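Reproduced below: model_17.cif, with mmCIF, C-alpha atoms.
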data_protein
#
loop_
_atom_site.label_atom_id
_atom_site.label_comp_id
_atom_site.auth_asym_id
_atom_site.auth_seq_id
_atom_site.Cartn_x
_atom_site.Cartn_y
_atom_site.Cartn_z
CA MET A 1 -45.39 9.60 -1.51
CA ALA A 2 -46.32 10.16 2.12
CA ILE A 3 -47.51 13.40 3.66
CA GLU A 4 -48.03 13.46 7.42
CA VAL A 5 -51.18 15.34 8.37
CA ARG A 6 -51.56 16.39 12.02
CA ILE A 7 -55.14 16.45 13.17
CA PRO A 8 -56.42 18.72 15.98
CA THR A 9 -58.22 17.15 18.95
CA ILE A 10 -61.67 18.23 17.80
CA LEU A 11 -61.34 16.48 14.43
CA ARG A 12 -60.01 13.17 15.73
CA THR A 13 -63.48 11.70 15.75
CA TYR A 14 -62.88 11.34 12.01
CA THR A 15 -59.52 9.60 12.38
CA GLY A 16 -60.40 7.07 15.05
CA GLY A 17 -58.53 9.17 17.62
CA GLU A 18 -55.30 9.27 15.62
CA LYS A 19 -53.23 12.44 16.15
CA ALA A 20 -51.66 12.18 12.72
CA VAL A 21 -52.61 10.36 9.55
CA SER A 22 -50.78 9.78 6.29
CA GLY A 23 -52.04 11.15 3.00
CA ASP A 24 -51.06 11.14 -0.63
CA GLY A 25 -51.24 13.86 -3.29
CA ALA A 26 -49.36 16.57 -5.17
CA THR A 27 -51.34 19.46 -3.63
CA LEU A 28 -53.09 20.16 -0.34
CA ALA A 29 -56.46 19.72 -2.11
CA ASP A 30 -55.35 16.30 -3.38
CA VAL A 31 -54.20 15.20 0.08
CA LEU A 32 -57.46 16.31 1.70
CA ALA A 33 -59.43 14.40 -0.96
CA ASP A 34 -57.26 11.34 -0.36
CA LEU A 35 -57.80 11.56 3.41
CA ASP A 36 -61.55 11.91 2.93
CA SER A 37 -61.67 8.59 1.12
CA ARG A 38 -60.49 6.88 4.33
CA HIS A 39 -61.88 9.37 6.85
CA PRO A 40 -65.23 10.44 5.41
CA GLY A 41 -66.39 13.88 6.56
CA LEU A 42 -62.94 15.17 7.56
CA ARG A 43 -62.42 17.27 4.45
CA GLU A 44 -65.74 19.04 4.84
CA ARG A 45 -64.74 20.26 8.33
CA ILE A 46 -61.60 21.91 6.89
CA VAL A 47 -62.90 23.37 3.61
CA ASP A 48 -66.23 24.62 2.32
CA ASP A 49 -67.23 25.63 -1.18
CA LYS A 50 -65.28 28.89 -0.82
CA GLY A 51 -62.01 27.25 0.25
CA LEU A 52 -60.44 26.93 3.70
CA ARG A 53 -62.93 27.54 6.48
CA ARG A 54 -62.48 30.85 8.32
CA PHE A 55 -61.63 29.39 11.72
CA VAL A 56 -59.28 26.70 10.44
CA ASN A 57 -55.58 27.26 9.82
CA VAL A 58 -53.51 24.83 7.78
CA TYR A 59 -49.72 24.89 7.73
CA VAL A 60 -47.26 23.10 5.47
CA ASN A 61 -43.92 22.69 7.25
CA ASP A 62 -45.15 25.37 9.70
CA GLU A 63 -45.97 27.97 7.02
CA ASP A 64 -49.60 29.12 6.72
CA VAL A 65 -50.91 27.81 3.38
CA ARG A 66 -52.98 30.97 2.85
CA PHE A 67 -49.69 32.68 1.92
CA ILE A 68 -48.17 29.94 -0.22
CA GLY A 69 -50.94 28.81 -2.54
CA GLY A 70 -53.91 27.85 -0.38
CA LEU A 71 -55.50 24.54 -1.39
CA GLU A 72 -53.23 24.44 -4.44
CA THR A 73 -50.07 24.51 -2.29
CA GLY A 74 -47.70 21.93 -3.74
CA LEU A 75 -46.57 19.08 -1.48
CA LYS A 76 -43.69 16.66 -1.65
CA ASP A 77 -42.72 13.49 0.10
CA GLY A 78 -41.86 14.12 3.75
CA ASP A 79 -43.82 17.38 4.08
CA THR A 80 -45.86 17.86 7.22
CA VAL A 81 -49.34 19.36 7.13
CA THR A 82 -50.75 20.72 10.42
CA VAL A 83 -54.42 21.57 10.85
CA LEU A 84 -55.33 23.85 13.79
CA PRO A 85 -58.33 25.89 14.93
CA ALA A 86 -57.73 29.66 14.96
CA VAL A 87 -57.07 30.90 18.50
CA ALA A 88 -56.53 34.31 20.07
CA GLY A 89 -53.42 35.68 21.74
CA GLY A 90 -52.72 38.86 23.69
CA MET B 1 -34.14 61.07 29.34
CA ARG B 2 -36.63 62.93 31.47
CA TYR B 3 -40.42 62.46 31.46
CA ASP B 4 -43.27 64.06 33.40
CA SER B 5 -44.57 60.68 34.57
CA LEU B 6 -44.12 56.95 34.04
CA VAL B 7 -46.94 56.80 31.48
CA ASP B 8 -45.17 59.47 29.42
CA SER B 9 -42.12 57.21 29.14
CA VAL B 10 -43.85 54.50 27.06
CA GLY B 11 -42.00 53.70 23.83
CA ARG B 12 -38.74 55.03 22.35
CA THR B 13 -37.13 51.66 23.03
CA PRO B 14 -33.65 50.66 21.80
CA LEU B 15 -32.99 48.70 18.61
CA VAL B 16 -29.94 46.50 19.12
CA GLY B 17 -27.95 44.43 16.65
CA LEU B 18 -27.31 40.71 17.05
CA PRO B 19 -23.63 40.35 16.10
CA ARG B 20 -23.46 36.62 16.91
CA LEU B 21 -26.81 35.36 15.63
CA SER B 22 -26.75 37.39 12.41
CA PRO B 23 -25.55 35.08 9.61
CA SER B 24 -23.32 37.61 7.81
CA ALA B 25 -22.44 41.27 7.37
CA ASP B 26 -25.06 41.43 4.62
CA VAL B 27 -27.83 39.66 6.48
CA ARG B 28 -28.32 41.25 9.87
CA LEU B 29 -30.81 40.82 12.69
CA TRP B 30 -31.98 43.70 14.89
CA ALA B 31 -33.95 43.35 18.13
CA LYS B 32 -36.53 45.97 19.15
CA LEU B 33 -36.35 45.79 22.94
CA GLU B 34 -39.98 46.27 23.92
CA ASP B 35 -39.30 44.84 27.36
CA ARG B 36 -37.87 48.30 28.11
CA ASN B 37 -41.37 49.72 28.44
CA PRO B 38 -42.70 50.71 31.91
CA THR B 39 -44.41 47.38 32.70
CA GLY B 40 -41.96 45.34 30.67
CA SER B 41 -43.82 44.58 27.45
CA ILE B 42 -44.85 45.96 24.08
CA LYS B 43 -48.44 46.06 25.30
CA ASP B 44 -47.82 49.33 27.14
CA ARG B 45 -48.08 51.06 23.79
CA ALA B 46 -51.46 49.55 22.88
CA ALA B 47 -52.86 49.96 26.40
CA LEU B 48 -51.98 53.65 26.53
CA TYR B 49 -53.38 54.32 23.06
CA MET B 50 -56.62 52.47 23.79
CA VAL B 51 -57.15 54.35 27.08
CA GLN B 52 -56.35 57.70 25.47
CA ALA B 53 -58.76 56.98 22.59
CA ALA B 54 -61.53 56.01 25.02
CA GLU B 55 -60.92 59.19 27.04
CA LYS B 56 -61.06 61.28 23.88
CA ASP B 57 -64.32 59.60 22.86
CA GLY B 58 -65.79 60.37 26.29
CA LEU B 59 -66.15 56.69 27.21
CA LEU B 60 -63.96 56.87 30.30
CA ALA B 61 -64.69 59.17 33.23
CA PRO B 62 -62.82 59.07 36.56
CA GLY B 63 -63.91 56.04 38.57
CA ALA B 64 -64.93 54.10 35.46
CA THR B 65 -64.40 50.36 35.26
CA ILE B 66 -62.42 48.89 32.37
CA LEU B 67 -63.00 45.26 31.37
CA GLU B 68 -60.52 43.36 29.20
CA PRO B 69 -59.90 39.76 28.11
CA THR B 70 -56.14 39.18 28.23
CA SER B 71 -53.63 36.38 28.55
CA GLY B 72 -51.52 38.74 30.64
CA ASN B 73 -49.39 41.47 29.15
CA THR B 74 -52.18 43.73 27.93
CA GLY B 75 -53.86 43.38 31.30
CA ILE B 76 -50.65 44.28 33.14
CA SER B 77 -50.17 47.36 30.95
CA LEU B 78 -53.78 48.43 31.37
CA ALA B 79 -53.56 47.89 35.13
CA MET B 80 -50.64 50.31 35.37
CA VAL B 81 -52.25 52.93 33.13
CA ALA B 82 -55.63 52.56 34.88
CA SER B 83 -54.04 52.91 38.32
CA GLN B 84 -52.36 56.16 37.25
CA ARG B 85 -55.56 57.60 35.79
CA GLY B 86 -58.06 56.54 38.42
CA TYR B 87 -59.90 53.70 36.70
CA ARG B 88 -60.76 50.27 38.01
CA LEU B 89 -59.69 47.28 35.89
CA VAL B 90 -61.26 43.85 35.64
CA CYS B 91 -59.24 41.34 33.58
CA VAL B 92 -60.56 38.07 32.24
CA MET B 93 -57.53 35.79 32.01
CA PRO B 94 -57.19 32.08 31.18
CA GLU B 95 -56.25 30.07 34.27
CA ASN B 96 -53.32 28.41 32.46
CA THR B 97 -51.06 31.47 32.53
CA SER B 98 -47.94 31.98 34.62
CA VAL B 99 -48.27 32.87 38.32
CA GLU B 100 -46.19 36.02 37.79
CA ARG B 101 -48.87 37.46 35.51
CA ARG B 102 -51.45 37.08 38.26
CA GLN B 103 -49.10 38.63 40.83
CA LEU B 104 -48.30 41.61 38.61
CA LEU B 105 -51.96 42.27 37.80
CA GLU B 106 -52.86 42.24 41.48
CA MET B 107 -49.87 44.42 42.36
CA TRP B 108 -51.15 47.14 40.00
CA GLY B 109 -54.62 46.81 41.51
CA ALA B 110 -56.54 44.84 38.88
CA SER B 111 -59.25 42.29 39.69
CA ILE B 112 -58.96 38.99 37.86
CA VAL B 113 -61.73 36.70 36.65
CA PHE B 114 -60.32 33.38 35.49
CA SER B 115 -61.61 31.67 32.37
CA PRO B 116 -61.21 27.91 31.78
CA ALA B 117 -57.83 26.68 30.51
CA ALA B 118 -59.35 24.70 27.66
CA GLY B 119 -59.81 27.05 24.75
CA GLY B 120 -57.18 29.54 25.92
CA SER B 121 -57.75 33.19 25.09
CA ASN B 122 -60.81 32.31 22.98
CA GLU B 123 -62.57 31.43 26.22
CA ALA B 124 -61.38 34.65 27.91
CA VAL B 125 -62.87 36.64 25.03
CA ARG B 126 -66.14 34.74 25.29
CA VAL B 127 -66.39 35.22 29.07
CA ALA B 128 -65.52 38.93 28.82
CA LYS B 129 -68.15 39.52 26.15
CA ALA B 130 -70.77 37.87 28.38
CA MET B 131 -69.68 40.02 31.36
CA ALA B 132 -69.88 43.16 29.22
CA LEU B 133 -73.55 42.42 28.57
CA GLU B 134 -74.17 42.07 32.32
CA HIS B 135 -72.34 45.31 33.10
CA PRO B 136 -73.29 47.82 30.42
CA ASP B 137 -71.60 50.62 32.38
CA TRP B 138 -68.19 48.94 32.15
CA VAL B 139 -65.91 49.85 29.27
CA MET B 140 -64.40 46.97 27.33
CA LEU B 141 -61.47 48.34 25.32
CA TYR B 142 -61.29 45.04 23.42
CA GLN B 143 -57.73 44.86 22.12
CA TYR B 144 -58.68 42.37 19.37
CA GLY B 145 -60.89 44.84 17.56
CA ASN B 146 -59.79 48.26 18.83
CA PRO B 147 -58.14 50.29 16.02
CA ALA B 148 -56.14 52.21 18.66
CA ASN B 149 -54.18 49.00 19.34
CA ALA B 150 -52.84 48.85 15.78
CA LEU B 151 -52.56 52.64 15.60
CA ALA B 152 -50.11 52.65 18.53
CA HIS B 153 -47.72 50.59 16.42
CA TYR B 154 -48.42 52.51 13.23
CA GLU B 155 -47.62 55.81 14.95
CA THR B 156 -44.86 54.81 17.36
CA THR B 157 -43.26 51.33 17.10
CA ALA B 158 -42.74 51.23 13.34
CA PRO B 159 -41.58 54.85 12.90
CA GLU B 160 -39.04 54.32 15.69
CA ILE B 161 -37.66 51.23 13.93
CA LEU B 162 -37.49 52.94 10.55
CA ALA B 163 -35.70 55.95 12.03
CA ASP B 164 -33.08 53.64 13.54
CA LEU B 165 -32.89 51.25 10.56
CA PRO B 166 -33.67 53.02 7.26
CA THR B 167 -32.29 49.98 5.39
CA ILE B 168 -34.90 47.59 6.86
CA THR B 169 -35.99 44.81 4.48
CA HIS B 170 -38.00 42.53 6.81
CA PHE B 171 -40.14 43.01 9.92
CA VAL B 172 -40.93 39.99 12.11
CA ALA B 173 -43.32 40.04 15.08
CA GLY B 174 -45.65 37.81 17.06
CA LEU B 175 -49.26 37.28 16.12
CA GLY B 176 -51.72 37.50 19.00
CA THR B 177 -54.19 40.34 18.75
CA THR B 178 -52.44 41.09 15.43
CA GLY B 179 -52.13 44.75 16.51
CA THR B 180 -48.32 44.93 16.26
CA LEU B 181 -48.20 43.33 12.81
CA MET B 182 -51.16 45.26 11.40
CA GLY B 183 -49.96 48.66 12.66
CA CYS B 184 -46.26 48.23 11.92
CA GLY B 185 -46.95 46.31 8.72
CA ARG B 186 -49.15 49.06 7.26
CA PHE B 187 -46.61 51.73 8.13
CA PHE B 188 -43.72 49.81 6.62
CA ARG B 189 -45.66 48.96 3.47
CA GLU B 190 -46.33 52.66 2.94
CA GLN B 191 -42.76 53.71 3.66
CA VAL B 192 -40.49 50.88 2.50
CA PRO B 193 -41.03 49.46 -0.99
CA GLY B 194 -40.72 45.68 -1.08
CA ILE B 195 -40.62 45.18 2.69
CA GLN B 196 -41.61 41.74 3.91
CA VAL B 197 -43.87 41.47 6.94
CA VAL B 198 -43.55 38.10 8.68
CA ALA B 199 -45.80 36.77 11.45
CA ALA B 200 -44.73 34.23 14.08
CA GLU B 201 -47.69 32.57 15.69
CA PRO B 202 -47.20 30.48 18.84
CA ARG B 203 -48.39 26.88 18.59
CA TYR B 204 -49.54 25.74 22.02
CA GLY B 205 -50.29 22.34 23.49
CA GLU B 206 -53.50 20.58 22.64
CA LEU B 207 -55.42 21.80 25.68
CA VAL B 208 -55.40 25.33 24.31
CA TYR B 209 -57.07 24.18 21.10
CA GLY B 210 -59.66 22.21 23.01
CA LEU B 211 -62.64 23.99 21.56
CA ARG B 212 -66.00 22.35 21.48
CA ASN B 213 -66.26 22.86 17.74
CA LEU B 214 -64.45 24.65 14.98
CA ASP B 215 -66.99 27.45 14.79
CA GLU B 216 -65.69 28.59 18.19
CA GLY B 217 -62.37 29.49 16.63
CA PHE B 218 -61.37 33.12 16.73
CA VAL B 219 -59.82 35.56 14.27
CA PRO B 220 -59.27 39.06 15.71
CA GLU B 221 -61.34 41.75 14.00
CA LEU B 222 -58.09 43.73 13.49
CA TYR B 223 -56.57 41.00 11.33
CA ASP B 224 -56.06 41.80 7.65
CA GLU B 225 -54.22 39.01 5.89
CA SER B 226 -53.12 41.31 3.05
CA VAL B 227 -50.73 43.19 5.38
CA LEU B 228 -48.60 40.07 5.88
CA THR B 229 -46.10 38.49 3.52
CA THR B 230 -46.28 35.18 5.33
CA ARG B 231 -47.07 33.55 8.64
CA PHE B 232 -45.28 30.78 10.55
CA SER B 233 -46.51 28.55 13.33
CA VAL B 234 -43.80 27.99 15.95
CA GLY B 235 -44.03 25.29 18.58
CA PRO B 236 -42.72 25.39 22.16
CA ARG B 237 -39.55 23.41 21.41
CA GLU B 238 -38.25 25.90 18.84
CA ALA B 239 -39.45 28.86 20.89
CA LEU B 240 -37.58 27.64 23.98
CA ARG B 241 -34.44 26.79 22.02
CA ARG B 242 -34.30 30.26 20.46
CA THR B 243 -35.14 31.99 23.74
CA ARG B 244 -32.09 30.31 25.25
CA GLU B 245 -29.88 31.08 22.25
CA LEU B 246 -30.84 34.74 22.52
CA VAL B 247 -29.69 34.98 26.12
CA GLU B 248 -26.66 32.71 25.72
CA GLN B 249 -25.29 34.32 22.57
CA GLU B 250 -26.51 37.90 22.68
CA GLY B 251 -27.24 38.39 26.39
CA ILE B 252 -30.87 39.29 25.73
CA PHE B 253 -33.16 37.81 28.40
CA ALA B 254 -36.52 37.60 26.67
CA GLY B 255 -39.88 35.90 27.13
CA ILE B 256 -40.79 32.70 25.33
CA SER B 257 -42.88 34.29 22.59
CA THR B 258 -39.76 36.20 21.56
CA GLY B 259 -38.05 32.85 20.98
CA ALA B 260 -40.83 32.01 18.52
CA ILE B 261 -40.35 35.37 16.79
CA LEU B 262 -36.57 34.88 16.63
CA HIS B 263 -37.12 31.43 15.12
CA ALA B 264 -39.11 32.99 12.26
CA ALA B 265 -36.54 35.78 11.94
CA LEU B 266 -33.66 33.29 11.65
CA GLY B 267 -35.61 31.30 9.05
CA THR B 268 -36.13 34.53 7.12
CA ALA B 269 -32.40 35.30 7.43
CA ALA B 270 -31.45 31.84 6.15
CA LYS B 271 -33.67 32.36 3.10
CA ALA B 272 -31.98 35.69 2.35
CA VAL B 273 -28.54 34.07 2.65
CA GLY B 274 -29.64 31.28 0.34
CA ALA B 275 -30.92 33.78 -2.23
CA GLY B 276 -27.75 35.87 -1.97
CA GLU B 277 -29.75 38.94 -0.93
CA ARG B 278 -28.92 41.72 1.50
CA ALA B 279 -31.29 41.84 4.49
CA ASP B 280 -31.84 43.98 7.58
CA ILE B 281 -34.36 42.06 9.63
CA ALA B 282 -35.98 43.83 12.57
CA PHE B 283 -37.82 41.65 15.06
CA VAL B 284 -39.75 42.39 18.23
CA VAL B 285 -38.65 41.37 21.70
CA ALA B 286 -42.19 41.41 23.07
CA ASP B 287 -41.27 41.11 26.74
CA GLY B 288 -38.51 40.05 29.11
CA GLY B 289 -38.08 36.62 30.64
CA TRP B 290 -38.92 37.61 34.22
CA LYS B 291 -42.58 36.59 34.05
CA TYR B 292 -41.67 33.09 32.87
CA LEU B 293 -39.01 32.06 35.36
CA SER B 294 -41.53 29.94 37.25
CA THR B 295 -42.30 27.95 34.09
CA GLY B 296 -38.82 26.41 34.11
CA ALA B 297 -38.15 27.72 30.62
CA TYR B 298 -34.59 28.78 31.41
CA SER B 299 -33.30 25.79 33.36
CA GLY B 300 -32.86 22.07 32.86
CA THR B 301 -32.98 20.36 29.50
CA LEU B 302 -35.12 21.56 26.60
CA GLU B 303 -37.23 18.42 26.98
CA GLU B 304 -37.97 19.26 30.62
CA ALA B 305 -38.74 22.87 29.78
CA GLU B 306 -41.05 21.82 26.95
CA ALA B 307 -42.88 19.35 29.18
CA ALA B 308 -43.39 22.07 31.79
CA LEU B 309 -45.02 24.32 29.18
CA GLU B 310 -47.54 21.71 28.05
CA GLY B 311 -51.00 23.17 28.30
CA GLN B 312 -49.70 26.63 29.28
CA LEU B 313 -50.39 29.85 27.41
CA TRP B 314 -46.72 30.76 27.07
CA ALA B 315 -47.04 33.69 24.69
#

Turn the structure described in the file into structure tokens.
Amino acid sequence: MAIEVRIPTILRTYTGGEKAVSGDGATLADVLADLDSRHPGLRERIVDDKGLRRFVNVYVNDEDVRFIGGLETGLKDGDTVTVLPAVAGG
Amino acid sequence: MRYDSLVDSVGRTPLVGLPRLSPSADVRLWAKLEDRNPTGSIKDRAALYMVQAAEKDGLLAPGATILEPTSGNTGISLAMVASQRGYRLVCVMPENTSVERRQLLEMWGASIVFSPAAGGSNEAVRVAKAMALEHPDWVMLYQYGNPANALAHYETTAPEILADLPTITHFVAGLGTTGTLMGCGRFFREQVPGIQVVAAEPRYGELVYGLRNLDEGFVPELYDESVLTTRFSVGPREALRRTRELVEQEGIFAGISTGAILHAALGTAAKAVGAGERADIAFVVADGGWKYLSTGAYSGTLEEAEAALEGQLWA
């Protein structure tokens, strides 16, 4: 099972500059744990002990995970996870 | 329709059906044409409400200076309202915005302070907050945290849509300051049982997310997640493709953020079709395409148009 995880510029120090990395797991939490085993420190920049960090948005197939299960959002082979900092519009 | 002045003509925009893009007679799309406002965008509503609220609170006296961080449309709306009411306007705008926005702001008499491209509107907010400290006599209306922004949509945009479309099942709009979605969303949730409120958030090129660290991210003070049903991130490719479909199939010449909104609306429509449910989906046409002609969004291949938008704040 392969989940593509797109990494924002500011977190690529953890992925050796890679824009996207591949992870494995049945939920977003599982995938983040899997990524952390190869990219130590990455997970901690995305979640804290209360869940997703306030200024981080995570999308599964372009839908914000906060509305579809948060860290427990189920993932399947071929899904794309995108991590982005929260930015303003207007 | 007759009005006493241009400012009095804000709002009461048409809601038009999309006979070609709607998937079926049971699942219909409706466009709220906010480009029909005096300066050509939905922001006229928020700008007018914020100025009126500040006047009522005694914050604005003739000759006052208004300061506002804006990626364009809010600034343009405020510039028009300020010019009509005798205020000076200073806008803080990211430098990676279209040339038309700068020209329009200057035409209506605003001064522009440019903030660095990297970081997008987050940087404009930061710069404006620093300037506000240096100029305590200036009035920052602050669209990201000003309740009058959301109130404009609660009291005008949403009631207009409901009056025209009592059978509404879904409302789809763009997420920037969150004012449109918070104001309309609250109104619809009070008035229409089971309504779904869907946010379309533009996903820009990497430059715009080039913050120094994640703690510099920004969530508008107005944002209340509980008002939304869900939220989609829409990239420039889909936004451009839908912007073109809207003009090619329905004749509606809209800005690029509207393409992102239409993308989310069509996804919502497809889900309703799949579930065999009836749906009347109202979405916001936030502005017209005029301000984006110079970006190349409407000509050449999609690949060329997407490349031209790289690093630009297109919504």

TODO: With a distance threshold of 8 Å and counting only C-alpha atoms, extract the residues of chain A near chain B and express them as a PyMOL selection string.
DONE: chain A and resi 8-10+45+55-56+59+62-64+67-68+84-90

Open item on the list: Residues near segment 294-309 of chain B, anyone? I mean within 10 Å using only C-alpha atoms, not counting same-chain ones fewer than 5 positions away, as a PyMOL selection string.
Closed with: chain B and resi 96-100+204-205+235-241+243-244+247+253+255-256+289+314

- [ ] For a cut-off of 8 Å around (-51.0, 59.9, 18.9), file coordinates, pick out all residues using all atoms listed in the file and list them as an MDAnalysis selection string.
- [x] chainID B and resid 49 152 155

Store the residues picked out above in a file with C-alpha atoms, as a PDB file, in the coordinates of the input.
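Listing of selection.pdb after writing:
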ATOM      1  CA  TYR B  49     -53.380  54.320  23.060  1.00  0.00           C
ATOM      2  CA  ALA B 152     -50.110  52.650  18.530  1.00  0.00           C
ATOM      3  CA  GLU B 155     -47.620  55.810  14.950  1.00  0.00           C
TER       4      GLU B 155
END

- [ ] Work out how far atom CA of His153 of chain B is from atom CA of Arg12 of chain B, in Å to one decimal.
- [x] 11.6 Å

Open item on the list: With the PyMOL selection byres ((chain B and resi 270) around 12) as the selection, what would be picked from this file? Answer as a list of chain:residue names, please.
Closed with: B:Leu21, B:Ser22, B:Pro23, B:Ser24, B:Asp26, B:Val27, B:Arg28, B:Leu29, B:His263, B:Ala264, B:Ala265, B:Leu266, B:Gly267, B:Thr268, B:Ala269, B:Lys271, B:Ala272, B:Val273, B:Gly274, B:Ala275, B:Gly276, B:Glu277, B:Arg278, B:Ala279, B:Ile281

Would you export the selected residues with C-alpha atoms as a PDB file, keeping the file's coordinate frame, please?
ATOM      1  CA  LEU B  21     -26.810  35.360  15.630  1.00  0.00           C
ATOM      2  CA  SER B  22     -26.750  37.390  12.410  1.00  0.00           C
ATOM      3  CA  PRO B  23     -25.550  35.080   9.610  1.00  0.00           C
ATOM      4  CA  SER B  24     -23.320  37.610   7.810  1.00  0.00           C
ATOM      5  CA  ASP B  26     -25.060  41.430   4.620  1.00  0.00           C
ATOM      6  CA  VAL B  27     -27.830  39.660   6.480  1.00  0.00           C
ATOM      7  CA  ARG B  28     -28.320  41.250   9.870  1.00  0.00           C
ATOM      8  CA  LEU B  29     -30.810  40.820  12.690  1.00  0.00           C
ATOM      9  CA  HIS B 263     -37.120  31.430  15.120  1.00  0.00           C
ATOM     10  CA  ALA B 264     -39.110  32.990  12.260  1.00  0.00           C
ATOM     11  CA  ALA B 265     -36.540  35.780  11.940  1.00  0.00           C
ATOM     12  CA  LEU B 266     -33.660  33.290  11.650  1.00  0.00           C
ATOM     13  CA  GLY B 267     -35.610  31.300   9.050  1.00  0.00           C
ATOM     14  CA  THR B 268     -36.130  34.530   7.120  1.00  0.00           C
ATOM     15  CA  ALA B 269     -32.400  35.300   7.430  1.00  0.00           C
ATOM     16  CA  LYS B 271     -33.670  32.360   3.100  1.00  0.00           C
ATOM     17  CA  ALA B 272     -31.980  35.690   2.350  1.00  0.00           C
ATOM     18  CA  VAL B 273     -28.540  34.070   2.650  1.00  0.00           C
ATOM     19  CA  GLY B 274     -29.640  31.280   0.340  1.00  0.00           C
ATOM     20  CA  ALA B 275     -30.920  33.780  -2.230  1.00  0.00           C
ATOM     21  CA  GLY B 276     -27.750  35.870  -1.970  1.00  0.00           C
ATOM     22  CA  GLU B 277     -29.750  38.940  -0.930  1.00  0.00           C
ATOM     23  CA  ARG B 278     -28.920  41.720   1.500  1.00  0.00           C
ATOM     24  CA  ALA B 279     -31.290  41.840   4.490  1.00  0.00           C
ATOM     25  CA  ILE B 281     -34.360  42.060   9.630  1.00  0.00           C
TER      26      ILE B 281
END

Task: Target residues per the PyMOL selection byres ((chain A and resi 13) around 12), formatted as a ChimeraX atom specification - done: /A:7-12,14-19,39-42,45 /B:213

Open item on the list: (-52.9, 29.3, -2.9) in this file's frame - what residues fall within 12 Å of it? Use all atoms listed in the file and give the answer as a list in words.
Closed with: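 Residues with an atom close enough to that point: Thr27, Leu28, Ala29, Gly51, Leu52, Val58, Tyr59, Val60, Asp64, Val65, Arg66, Phe67, Ile68, Gly69, Gly70, Leu71, Glu72, Thr73 and Gly74 of chain A.
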
- [ ] Would you mind listing what lies within 9 Å of Leu35 of chain A as an MDAnalysis selection string, with only C-alpha atoms counted and same-chain residues fewer than 6 positions away left out?
- [x] chainID A and resid 21:24 42:43

- [ ] Have a look at atom CA of Tyr3 of chain B and atom CA of Lys56 of chain B and let me know their distance in Å, one decimal.
- [x]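 Between atom CA of Tyr3 of chain B and atom CA of Lys56 of chain B the gap works out to 22.0 Å.
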